[in-house]
Every structure is written in C-alpha cells, then in structure tokens.
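Here is the file data21.cif (mmCIF, C-alpha atoms and all ligand atoms).
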data_target
#
loop_
_atom_site.label_atom_id
_atom_site.label_comp_id
_atom_site.auth_asym_id
_atom_site.auth_seq_id
_atom_site.Cartn_x
_atom_site.Cartn_y
_atom_site.Cartn_z
CA MET A 1 177.14 157.30 315.90
CA LEU A 2 178.30 154.70 318.43
CA VAL A 3 178.00 151.06 317.43
CA THR A 4 175.86 149.47 320.13
CA LYS A 5 174.91 146.30 318.31
CA THR A 6 177.21 143.27 318.40
CA ILE A 7 178.34 142.44 314.89
CA ASN A 8 179.56 138.90 314.20
CA TRP A 9 182.50 138.74 311.81
CA GLY A 10 183.89 135.95 309.71
CA ILE A 11 187.30 136.00 308.00
CA ILE A 12 188.37 133.95 304.97
CA GLY A 13 191.92 133.56 303.61
CA LEU A 14 194.04 133.39 306.72
CA GLY A 15 197.29 134.91 305.47
CA SER A 16 199.33 137.93 306.40
CA ILE A 17 196.69 140.65 306.23
CA ALA A 18 194.00 138.52 307.89
CA ASN A 19 196.29 138.29 310.91
CA SER A 20 196.76 142.06 311.13
CA PHE A 21 193.05 142.62 310.58
CA ALA A 22 192.03 140.17 313.31
CA LYS A 23 194.27 142.02 315.79
CA ASP A 24 192.53 145.31 315.02
CA LEU A 25 189.09 143.69 315.04
CA ALA A 26 189.70 142.79 318.68
CA LEU A 27 190.05 146.53 319.46
CA VAL A 28 186.67 147.56 318.05
CA PRO A 29 183.84 147.70 320.59
CA ASN A 30 181.05 145.22 319.80
CA ALA A 31 183.01 143.48 317.04
CA HIS A 32 182.99 139.75 317.61
CA LEU A 33 185.12 137.31 315.63
CA LYS A 34 182.65 134.49 315.27
CA GLY A 35 184.34 132.28 312.70
CA VAL A 36 187.34 131.94 310.41
CA ALA A 37 187.87 129.79 307.33
CA SER A 38 190.90 128.51 305.50
CA ARG A 39 191.36 126.02 302.70
CA THR A 40 192.95 123.85 305.40
CA LYS A 41 191.19 123.04 308.65
CA LYS A 42 194.44 122.90 310.67
CA LYS A 43 195.34 126.48 309.71
CA ALA A 44 191.82 127.64 310.53
CA LYS A 45 192.02 126.02 313.97
CA GLU A 46 195.39 127.62 314.72
CA PHE A 47 194.20 131.04 313.57
CA ALA A 48 190.97 130.69 315.58
CA LYS A 49 192.95 129.82 318.69
CA GLU A 50 195.33 132.75 318.29
CA HIS A 51 192.57 135.29 317.61
CA HIS A 52 189.89 133.81 319.88
CA ALA A 53 187.42 133.00 317.10
CA GLU A 54 184.57 130.72 318.14
CA LYS A 55 184.52 128.59 315.00
CA ALA A 56 187.12 127.29 312.56
CA TYR A 57 186.16 126.01 309.12
CA GLY A 58 188.26 124.07 306.61
CA SER A 59 186.35 125.56 303.67
CA TYR A 60 185.18 129.07 302.81
CA GLU A 61 181.76 127.76 301.72
CA LYS A 62 181.07 126.33 305.16
CA LEU A 63 181.63 129.71 306.74
CA PHE A 64 179.30 131.33 304.17
CA LYS A 65 176.58 128.96 305.42
CA ASP A 66 177.06 129.85 309.10
CA ALA A 67 173.82 131.64 310.00
CA SER A 68 175.39 133.35 313.02
CA ILE A 69 177.82 135.42 310.92
CA ASP A 70 176.80 138.93 309.79
CA ILE A 71 179.77 140.11 307.72
CA ILE A 72 182.70 138.39 306.04
CA TYR A 73 186.13 139.94 305.55
CA ILE A 74 187.71 138.52 302.38
CA ALA A 75 191.52 138.46 302.50
CA THR A 76 192.45 136.18 299.62
CA PRO A 77 194.56 136.97 296.49
CA HIS A 78 193.10 139.42 293.97
CA ASP A 79 191.86 136.93 291.38
CA SER A 80 189.37 135.42 293.84
CA HIS A 81 187.86 138.62 295.33
CA ALA A 82 184.91 138.84 292.94
CA ALA A 83 183.86 135.18 292.98
CA LEU A 84 184.19 134.82 296.76
CA SER A 85 182.41 138.10 297.48
CA ILE A 86 179.56 137.10 295.17
CA ALA A 87 179.29 133.66 296.80
CA ALA A 88 179.23 135.22 300.27
CA MET A 89 176.60 137.78 299.25
CA LYS A 90 174.45 135.08 297.62
CA ALA A 91 174.55 133.33 301.00
CA GLY A 92 173.10 136.52 302.48
CA LYS A 93 176.30 137.87 304.04
CA ALA A 94 177.56 141.42 304.14
CA VAL A 95 181.06 141.70 302.69
CA LEU A 96 184.19 143.70 303.37
CA CYS A 97 186.58 142.67 300.58
CA GLU A 98 190.27 143.54 300.47
CA LYS A 99 191.53 145.98 297.87
CA PRO A 100 191.35 145.95 294.93
CA LEU A 101 187.67 145.04 295.09
CA ALA A 102 188.21 142.92 291.96
CA VAL A 103 190.69 142.73 289.10
CA ASN A 104 188.70 144.84 286.63
CA ALA A 105 185.64 147.07 286.32
CA LYS A 106 183.58 144.29 284.71
CA GLN A 107 183.95 142.17 287.86
CA VAL A 108 183.24 145.17 290.12
CA LYS A 109 179.98 145.82 288.25
CA LYS A 110 178.93 142.20 288.79
CA MET A 111 179.68 142.49 292.49
CA ILE A 112 177.66 145.70 292.82
CA LYS A 113 174.75 144.09 290.96
CA THR A 114 174.83 141.13 293.35
CA ALA A 115 175.00 143.38 296.43
CA LYS A 116 171.95 145.31 295.21
CA LYS A 117 170.01 142.18 294.26
CA GLN A 118 170.76 140.43 297.56
CA LYS A 119 170.22 143.68 299.50
CA VAL A 120 173.43 143.19 301.46
CA PHE A 121 176.15 145.61 302.47
CA MET A 122 179.40 145.51 300.49
CA MET A 123 182.52 147.65 300.81
CA GLU A 124 186.06 147.52 299.43
CA ALA A 125 188.52 147.42 302.33
CA PHE A 126 190.20 150.67 301.29
CA TRP A 127 191.53 151.29 304.78
CA SER A 128 193.55 154.40 303.78
CA LYS A 129 190.28 156.20 303.09
CA PHE A 130 189.54 155.89 306.82
CA ASN A 131 193.08 156.60 308.09
CA PRO A 132 192.77 159.79 310.21
CA SER A 133 195.80 161.54 308.64
CA VAL A 134 194.93 160.62 305.05
CA LYS A 135 191.30 161.56 305.57
CA GLN A 136 192.22 164.94 307.04
CA CYS A 137 194.75 165.69 304.29
CA ILE A 138 192.19 164.97 301.58
CA ASP A 139 189.69 167.22 303.38
CA LEU A 140 192.31 169.97 303.81
CA ALA A 141 193.32 169.77 300.15
CA LYS A 142 189.68 170.13 299.11
CA SER A 143 189.01 172.93 301.60
CA GLY A 144 191.40 175.36 299.93
CA ARG A 145 193.84 175.29 302.87
CA ILE A 146 196.79 175.22 300.42
CA GLY A 147 195.05 177.23 297.72
CA GLU A 148 194.11 175.56 294.46
CA VAL A 149 195.53 172.06 294.38
CA ASN A 150 197.16 171.34 291.04
CA TYR A 151 199.68 168.54 291.60
CA VAL A 152 199.69 165.23 293.49
CA ASN A 153 202.76 163.02 293.68
CA ALA A 154 202.31 159.66 295.37
CA ASP A 155 204.21 156.43 295.29
CA PHE A 156 204.23 153.03 296.94
CA CYS A 157 207.20 150.76 296.32
CA PHE A 158 208.97 148.09 298.30
CA TYR A 159 211.60 145.54 297.44
CA LYS A 160 210.01 142.09 297.16
CA ASP A 161 212.07 138.96 296.84
CA ALA A 162 209.54 136.16 296.39
CA PRO A 163 209.12 133.08 294.20
CA ALA A 164 207.49 133.49 290.79
CA GLU A 165 204.51 131.43 292.00
CA SER A 166 203.83 133.77 294.97
CA ARG A 167 200.74 135.98 294.87
CA MET A 168 203.03 138.97 294.25
CA PHE A 169 204.35 137.73 290.88
CA ASN A 170 201.85 135.07 289.82
CA LEU A 171 199.69 136.43 286.99
CA ASP A 172 197.07 133.70 287.57
CA LEU A 173 196.47 135.35 290.98
CA ALA A 174 196.48 138.84 289.36
CA GLY A 175 199.87 139.52 290.92
CA GLY A 176 201.96 142.60 290.21
CA SER A 177 202.57 145.96 291.84
CA LEU A 178 199.69 147.92 290.30
CA LEU A 179 196.89 145.92 291.90
CA ASP A 180 198.85 145.28 295.08
CA VAL A 181 200.14 148.76 295.93
CA GLY A 182 199.61 151.00 292.89
CA VAL A 183 195.95 151.31 293.74
CA TYR A 184 196.92 153.48 296.74
CA PRO A 185 198.51 156.39 294.82
CA VAL A 186 195.71 156.14 292.26
CA PHE A 187 193.23 156.32 295.14
CA LEU A 188 194.84 159.52 296.46
CA ALA A 189 194.79 161.20 293.06
CA TYR A 190 191.17 160.10 292.56
CA SER A 191 190.13 161.28 296.04
CA ILE A 192 191.50 164.75 295.34
CA PHE A 193 190.87 165.29 291.64
CA GLY A 194 188.21 162.71 290.68
CA LYS A 195 188.18 161.04 287.28
CA PRO A 196 191.14 161.96 285.01
CA GLU A 197 190.68 163.45 281.54
CA LYS A 198 193.73 161.67 280.21
CA ILE A 199 196.10 158.92 281.36
CA LEU A 200 199.64 158.16 280.23
CA ALA A 201 201.07 154.94 281.67
CA THR A 202 203.94 152.55 281.26
CA ALA A 203 205.35 149.54 283.12
CA ARG A 204 208.25 147.08 283.46
CA PHE A 205 207.51 143.39 283.90
CA HIS A 206 208.68 140.30 285.78
CA GLU A 207 209.41 137.14 283.75
CA THR A 208 205.92 135.97 284.78
CA GLY A 209 204.38 139.01 283.07
CA ALA A 210 203.41 140.69 286.37
CA ASP A 211 204.23 144.42 286.53
CA ILE A 212 207.20 145.22 288.78
CA GLN A 213 207.25 148.98 288.14
CA THR A 214 204.32 151.00 286.90
CA ALA A 215 204.17 154.75 286.37
CA ALA A 216 201.17 156.81 285.36
CA ILE A 217 200.50 160.47 284.76
CA LEU A 218 196.87 161.39 285.30
CA LYS A 219 195.75 164.69 283.78
CA TYR A 220 192.78 166.64 285.10
CA LYS A 221 191.28 169.97 284.18
CA GLN A 222 192.69 171.45 287.38
CA GLY A 223 196.05 169.66 287.58
CA ILE A 224 198.25 166.60 287.19
CA ALA A 225 198.93 163.55 289.36
CA ASN A 226 202.07 161.49 289.13
CA VAL A 227 201.64 157.97 290.53
CA PHE A 228 204.24 155.25 290.82
CA CYS A 229 204.47 151.76 292.30
CA GLY A 230 206.88 148.86 292.26
CA PHE A 231 208.40 145.77 293.80
CA VAL A 232 212.09 146.34 292.93
CA SER A 233 213.13 149.10 295.33
CA GLU A 234 211.94 150.95 298.38
CA SER A 235 210.47 154.41 297.79
CA ASP A 236 209.88 157.41 300.06
CA THR A 237 206.16 156.59 300.37
CA VAL A 238 205.54 160.23 301.29
CA ALA A 239 202.49 161.52 299.44
CA LYS A 240 202.75 165.14 298.33
CA ILE A 241 199.85 167.42 297.55
CA TYR A 242 200.72 170.81 296.03
CA GLY A 243 198.58 173.93 295.87
CA THR A 244 199.00 177.56 294.89
CA LYS A 245 199.50 178.56 298.54
CA GLY A 246 201.33 175.60 300.07
CA ARG A 247 201.96 171.87 300.27
CA ILE A 248 200.76 168.91 302.29
CA TYR A 249 203.05 165.96 302.96
CA ILE A 250 201.44 162.74 304.21
CA ASP A 251 204.27 161.06 306.07
CA SER A 252 205.71 157.63 305.30
CA ARG A 253 204.23 155.14 304.79
CA TRP A 254 201.53 157.51 303.72
CA HIS A 255 198.80 154.92 303.09
CA GLU A 256 198.91 154.02 306.80
CA ALA A 257 200.11 157.43 308.02
CA GLN A 258 200.52 158.44 311.63
CA SER A 259 201.21 162.10 310.83
CA TYR A 260 201.28 164.77 308.15
CA ARG A 261 202.81 168.18 307.53
CA ILE A 262 201.50 171.39 306.03
CA VAL A 263 203.94 173.89 304.55
CA ASP A 264 202.59 177.39 303.98
CA GLY A 265 203.86 179.70 301.26
CA PRO A 266 205.10 178.77 297.83
CA ASN A 267 208.88 178.84 298.41
CA SER A 268 209.49 178.14 302.05
CA ASN A 269 210.05 175.18 304.31
CA HIS A 270 210.00 177.36 307.42
CA ASN A 271 206.29 177.58 308.00
CA GLN A 272 205.77 173.93 308.69
CA GLU A 273 202.93 172.63 310.81
CA ILE A 274 203.31 169.01 311.94
CA VAL A 275 200.15 167.12 312.84
CA VAL A 276 200.51 163.77 314.63
CA LYS A 277 197.56 161.40 314.49
CA PRO A 278 198.46 157.93 315.76
CA THR A 279 196.08 155.24 314.56
CA ARG A 280 194.24 152.86 316.83
CA GLY A 281 195.88 149.53 316.23
CA LYS A 282 197.45 149.27 312.80
CA GLY A 283 194.59 151.30 311.32
CA PHE A 284 192.06 148.71 310.17
CA PHE A 285 190.04 149.80 313.19
CA TYR A 286 188.41 152.64 311.23
CA GLU A 287 187.19 150.67 308.21
CA ILE A 288 185.84 148.02 310.58
CA GLN A 289 183.99 150.69 312.53
CA GLU A 290 182.59 152.15 309.30
CA CYS A 291 181.20 148.74 308.25
CA MET A 292 179.64 148.21 311.66
CA GLN A 293 178.03 151.64 311.67
CA CYS A 294 176.60 151.00 308.20
CA LEU A 295 175.26 147.60 309.28
CA GLN A 296 173.71 149.07 312.41
CA GLU A 297 172.00 151.78 310.33
CA GLY A 298 170.85 149.25 307.71
CA LYS A 299 172.93 150.86 304.94
CA LEU A 300 173.90 148.76 301.94
CA GLU A 301 177.01 150.77 301.12
CA SER A 302 179.32 153.26 302.76
CA GLU A 303 178.94 156.92 301.84
CA GLU A 304 182.62 157.41 302.65
CA TRP A 305 183.84 154.75 300.18
CA SER A 306 180.88 153.89 297.99
CA HIS A 307 180.34 151.31 295.24
CA LYS A 308 180.71 154.17 292.73
CA ASN A 309 184.09 155.08 294.24
CA SER A 310 185.35 151.50 293.91
CA LEU A 311 184.10 151.27 290.34
CA GLU A 312 185.60 154.60 289.26
CA LEU A 313 188.93 153.69 290.85
CA MET A 314 188.93 150.33 289.06
CA LYS A 315 188.18 151.99 285.72
CA ILE A 316 191.29 154.17 286.13
CA VAL A 317 193.36 151.07 286.97
CA ASP A 318 191.88 149.26 283.93
CA GLU A 319 192.97 152.14 281.69
CA ILE A 320 196.49 152.14 283.18
CA ARG A 321 196.71 148.39 282.58
CA GLU A 322 195.45 148.73 279.04
CA GLN A 323 198.14 151.30 278.24
CA CYS A 324 200.82 149.08 279.80
CA GLY A 325 199.60 146.04 277.87
CA LEU A 326 198.91 144.17 281.10
CA LYS A 327 196.26 141.44 280.91
CA TYR A 328 195.63 138.54 283.28
CA PRO A 329 195.39 135.05 281.76
CA PHE A 330 191.81 134.54 282.97
CA GLU A 331 190.48 137.78 281.43
N1 LIG A 401 195.08 146.57 303.42
C1 LIG A 401 196.36 146.28 303.39
O1 LIG A 401 197.20 146.97 303.94
C2 LIG A 401 196.82 145.05 302.69
C3 LIG A 401 198.12 144.60 302.90
C4 LIG A 401 198.50 143.43 302.29
C5 LIG A 401 197.61 142.76 301.45
N2 LIG A 401 196.38 143.27 301.24
C6 LIG A 401 195.43 142.56 300.36
O2 LIG A 401 194.97 141.44 301.08
C7 LIG A 401 194.84 140.32 300.21
C8 LIG A 401 195.68 139.18 300.73
O3 LIG A 401 197.01 139.58 300.86
P1 LIG A 401 198.03 138.88 301.89
O4 LIG A 401 199.28 139.67 301.84
O5 LIG A 401 197.39 138.64 303.18
O6 LIG A 401 198.27 137.50 301.12
P2 LIG A 401 198.72 136.10 301.75
O7 LIG A 401 199.52 136.30 302.97
O8 LIG A 401 199.28 135.32 300.63
O9 LIG A 401 197.33 135.45 302.19
C9 LIG A 401 196.31 135.20 301.28
C10 LIG A 401 195.49 134.03 301.77
O10 LIG A 401 194.49 133.76 300.80
C11 LIG A 401 194.18 132.37 300.79
N3 LIG A 401 194.20 131.87 299.42
C12 LIG A 401 193.11 131.49 298.72
N4 LIG A 401 193.44 131.09 297.50
C13 LIG A 401 194.77 131.19 297.40
C14 LIG A 401 195.70 130.91 296.37
N5 LIG A 401 195.32 130.44 295.18
N6 LIG A 401 197.00 131.15 296.61
C15 LIG A 401 197.41 131.65 297.77
N7 LIG A 401 196.56 131.94 298.81
C16 LIG A 401 195.25 131.71 298.61
C17 LIG A 401 195.19 131.69 301.71
O11 LIG A 401 194.51 131.48 302.92
P3 LIG A 401 194.05 130.01 303.40
O12 LIG A 401 195.24 129.14 303.13
O13 LIG A 401 193.77 130.23 304.82
O14 LIG A 401 192.86 129.61 302.60
C18 LIG A 401 196.27 132.72 301.93
O15 LIG A 401 196.87 132.61 303.19
C19 LIG A 401 195.23 140.84 298.83
O16 LIG A 401 194.07 141.25 298.18
C20 LIG A 401 196.07 142.07 299.10
O17 LIG A 401 196.02 143.05 298.09
C21 LIG A 401 195.96 144.39 301.85
#
Kindly present the structure from the file in structure tokens form.
Amino acid sequence: MLVTKTINWGIIGLGSIANSFAKDLALVPNAHLKGVASRTKKKAKEFAKEHHAEKAYGSYEKLFKDASIDIIYIATPHDSHAALSIAAMKAGKAVLCEKPLAVNAKQVKKMIKTAKKQKVFMMEAFWSKFNPSVKQCIDLAKSGRIGEVNYVNADFCFYKDAPAESRMFNLDLAGGSLLDVGVYPVFLAYSIFGKPEKILATARFHETGADIQTAAILKYKQGIANVFCGFVSESDTVAKIYGTKGRIYIDSRWHEAQSYRIVDGPNSNHNQEIVVKPTRGKGFFYEIQECMQCLQEGKLESEEWSHKNSLELMKIVDEIREQCGLKYPFE
C-alpha cells in the first residue's frame, strides 16, 4: 500500500548512522524530517541545517515533547536504547530504534510492555530484514528453491582501530562486536531456521572486556548455522545458505546487499544465476517505508519484523553472551 499520509519524523543521537538514515529519509515519499535532537544544541543545529530539519533541540527530552512529531528514530549507543525508547513511548511517540533493540531480553520485554500499554508503534531498525536481496534470499531458502536448507554460514567483521572509550569498545555503552555486528549473522540464521535447539559459543576480548571476536554454532533440528563477528580483521561478509539442491550466496556486504547468486546442483559452480537488486539510497529506505505504512494503517508493530522477532533474536544473543561470559557492568 502506498503511503499517502505525511509522517513527521524526529531523530535523536546525531552520529554516523543518523546521518546515513537522514539521507535515506529524504528519499521516502511523504516522510518529513520535523526535528532532530542532540545532547548539544550546536550539533543539532548543524545537523538540522544539513538535512533540512525544521527544528533542532539540544536535549532528547525536548524532542519527545514536540507534539508535531509522530515517530522518533533512536540512533544512540546500545546501552541507552531501552531507556530512550521507553521515554519516547511514554511521551506518546512511535519508535524506530536502532539494532539491537536493547542489550538483553529483559530490557526488550520492558519495551514491548511499554509499547502495548501506550498503544504506540515500535520496531527495531533491523534494516537487513527489508533489504530486497536479503528478503528475497530468505524467501527463496524457505521456498525449497535450493532443496532442504541445512547449513547457514554468515559473518560480519571489520577492522576497527578506535579508543577504548569509544562506543565500539566501551563496555559501559554495551560495546563489542556481538551487539554491533554479530546480531546480523544471528538474524540470518534465525530468519531461516528459527529458534536454535542448542548453542555453542566462544569469544575473545578487548582489554575493556568488550568482545572483539565471537563465534557461535547454532544447532537446529533441520541443520546448523555458523555465525561469526569481529573487530580485528575484515571478513568476506558473503552470507551462504546451503541446501540439498543448491546454494545461495548473498553478496558482500551481505547485510546491505545489492545482489545475490544462486548455484544449482550440489557440486557445480557452473549453473550460477546472478540477481542484481540495487537498493534505493543506502537501504534504510525500506525500513522507513515499513514504519510509515504501519503508522498509516494504525498498526502497533510490523508483521515483517515483529516484537516477537526482536525478543527471540535477543534471547539467542543473551545465550551466546552467557556462554562467552560476557556481561555489561550495568546488568
Ligand atoms: N543499521 C546500521 O547499519 C547501523 C550502522 C552503524 C550503527 N548502527 C547502530 O546505530 C547506533 C549508533 O551507532 P553510530 O555508529 O551512529 O554511533 P555514533 O556515531 O557514535 O553516534 C551515536 C550518537 O549517540 C549519541 N549519544 C548518546 N549518548 C552517548 C554516549 N554516552 N556516548 C556516545 N554517544 C552518545 C551521540 O549523539 P549526540 O551527541 O547528537 O547526542 C552520538 O553521536 C548503534 O546502536 C549501532 O549499533 C546501525
């Protein structure tokens, strides 16, 4: 369904991803960037000027109180997702919160409870779920196109040289590779196989205690998924889905893919079909559109990426963390 209603957006936490998101927001018909908020007014004003937002606030709370804003995109570090989402929802706002929705399942449950109580829309900004290539590959895998799927191999690593206090390595901000990028391979395994029967996980740590390499094997009745993430090297970032009759490769970087390949037959690379699906903008376009459609239809959650999906994903991540001995200081 086409979005015909103008939806007024607010953005809080004006860092790297907020910038990319604001660029894509400008591409979505009937999306209007009404206001932005930073902890510093000067930054908010600069961001507002660059992205043509009407209002600039020097505090997140002030934006929550702006009656003209319908939905708030939360782009702050992980540790603050739950508290800020809850505060925004209590102020009557719909929320699109960056991944991971919170740092653990307990927080996610609280957020869902608030969304239901306040009767407001809430969605985790799991943009890969709405990426055209990723979406189609998940559908193809489930459709039997490559036979019975029994193995998923997905990684997401990049080399990160940043100070210990940065959000990447700071445990107080729930830094570390699992919550930052590991959630993507876990998401793919979950989207194809569902909840695992058994998890085996291990990690290596930064001097701060944040995980810098995390590996997990997820076992399901119908197969196995091998997921890996890290901050100490680049990885292929090609996601591979294997079935009894073929393979699907989601091309690099698979979480924001522009193409994928299907290989037919168990032992051949010859029968390769390449499908190119360039995203609109960087790819945030689709999750933005999903939120706007839900708001227009009066839905309180997305059917594509529901509260239950976010909670089940978080429970898997909690179990991986538990096995790695990874706890945040505020837990
Ligand atoms: N979907 C994706 O592809 C993608 C990619 C990267 C990151 N992310 C997610 O987006 C979120 C933000 O990541 P980012 O890379 O944009 O981070 P970033 O560049 O560090 O920006 C985060 C912003 O949060 C605000 N903030 C609030 N409390 C803070 C604190 N204690 N320390 C530092 N900043 C604080 C700051 O904005 P103000 O100064 O304006 O208040 C800061 O600029 C994370 O949840 C991350 O997982 C998603």
For segment 286-300 of chain A, please output as a PDB file with C-alpha atoms, in the frame of the given file all residues within 6 Å (counting all atoms listed in the file; exclusion window: fewer than 2 positions along the same chain).
ATOM      1  CA  VAL A   3     178.000 151.060 317.430  1.00  0.00           C
ATOM      2  CA  VAL A 120     173.430 143.190 301.460  1.00  0.00           C
ATOM      3  CA  PHE A 121     176.150 145.610 302.470  1.00  0.00           C
ATOM      4  CA  TRP A 127     191.530 151.290 304.780  1.00  0.00           C
ATOM      5  CA  PHE A 130     189.540 155.890 306.820  1.00  0.00           C
ATOM      6  CA  PHE A 284     192.060 148.710 310.170  1.00  0.00           C
TER       7      PHE A 284
END
**Request:** Tell me which of A:Arg261, A:Lys219, A:His52, A:Arg280 sits closest to Val238 of chain A, counting all atoms listed in the file.
**Result:** A:Arg261
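With atom CA of Leu14 of chain A on one side and atom CA of Leu326 of chain A on the other, the separation reads 28.2 Å.
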**Item:** Selection as a list in words: residues within 6 Å of ligand LIG 401 (chain A) by only C-alpha atoms and all ligand atoms
**Value:** Gly13, Leu14, Gly15, Ser16, Ile17, Ala18, Ser38, Arg39, Ala75, Thr76, Pro77, His78, Glu98, Lys99, Arg167 and Asp180 of chain A
Keeping only C-alpha atoms, write the selected residues as a PDB file, in the frame of the given file.
ATOM      1  CA  GLY A  13     191.920 133.560 303.610  1.00  0.00           C
ATOM      2  CA  LEU A  14     194.040 133.390 306.720  1.00  0.00           C
ATOM      3  CA  GLY A  15     197.290 134.910 305.470  1.00  0.00           C
ATOM      4  CA  SER A  16     199.330 137.930 306.400  1.00  0.00           C
ATOM      5  CA  ILE A  17     196.690 140.650 306.230  1.00  0.00           C
ATOM      6  CA  ALA A  18     194.000 138.520 307.890  1.00  0.00           C
ATOM      7  CA  SER A  38     190.900 128.510 305.500  1.00  0.00           C
ATOM      8  CA  ARG A  39     191.360 126.020 302.700  1.00  0.00           C
ATOM      9  CA  ALA A  75     191.520 138.460 302.500  1.00  0.00           C
ATOM     10  CA  THR A  76     192.450 136.180 299.620  1.00  0.00           C
ATOM     11  CA  PRO A  77     194.560 136.970 296.490  1.00  0.00           C
ATOM     12  CA  HIS A  78     193.100 139.420 293.970  1.00  0.00           C
ATOM     13  CA  GLU A  98     190.270 143.540 300.470  1.00  0.00           C
ATOM     14  CA  LYS A  99     191.530 145.980 297.870  1.00  0.00           C
ATOM     15  CA  ARG A 167     200.740 135.980 294.870  1.00  0.00           C
ATOM     16  CA  ASP A 180     198.850 145.280 295.080  1.00  0.00           C
TER      17      ASP A 180
END
**Asked** What's the 12 Å shell around segment 205-215 of chain A, counting only C-alpha atoms, without same-chain residues fewer than 3 positions away, as a PyMOL selection string?
**Response** chain A and resi 153-183+185-186+199-202+218+225-235+317+320-321+323-329
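Proximity of A:Lys129, A:Lys23, A:Lys277, A:His51 to Glu303 of chain A, computed with only C-alpha atoms, is greatest for A:Lys129.
With all atoms listed in the file as the atoms that count, the minimum distance from Arg253 of chain A to the choices A:Ile241, A:Ala203, A:Ile12, A:Val134 is reached by A:Val134.
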**Complete:** Between atom CA of His81 of chain A and atom CA of Lys109 of chain A lies a distance of 12.8 Å
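What separates atom CA of Asp139 of chain A from atom CA of Ser302 of chain A is a distance of 17.4 Å.
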**Request:** Do a neighbour search on Lys90 of chain A at 12 Å with all atoms listed in the file, toss out local chain neighbours closer than 6 positions, and write the hits as a ChimeraX atom specification.
**Result:** /A:61,64-65,83-84,111,113-122
Suppose we keep C-alpha atoms; can you now write the selection as a JSON list (two decimals), in the coordinates of the input?
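Below is the file that was written, out_34.json:
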[["chain", "number", "residue", "atom", "x", "y", "z"],
["A", 61, "GLU", "CA", 181.76, 127.76, 301.72],
["A", 64, "PHE", "CA", 179.30, 131.33, 304.17],
["A", 65, "LYS", "CA", 176.58, 128.96, 305.42],
["A", 83, "ALA", "CA", 183.86, 135.18, 292.98],
["A", 84, "LEU", "CA", 184.19, 134.82, 296.76],
["A", 111, "MET", "CA", 179.68, 142.49, 292.49],
["A", 113, "LYS", "CA", 174.75, 144.09, 290.96],
["A", 114, "THR", "CA", 174.83, 141.13, 293.35],
["A", 115, "ALA", "CA", 175.00, 143.38, 296.43],
["A", 116, "LYS", "CA", 171.95, 145.31, 295.21],
["A", 117, "LYS", "CA", 170.01, 142.18, 294.26],
["A", 118, "GLN", "CA", 170.76, 140.43, 297.56],
["A", 119, "LYS", "CA", 170.22, 143.68, 299.50],
["A", 120, "VAL", "CA", 173.43, 143.19, 301.46],
["A", 121, "PHE", "CA", 176.15, 145.61, 302.47],
["A", 122, "MET", "CA", 179.40, 145.51, 300.49]]
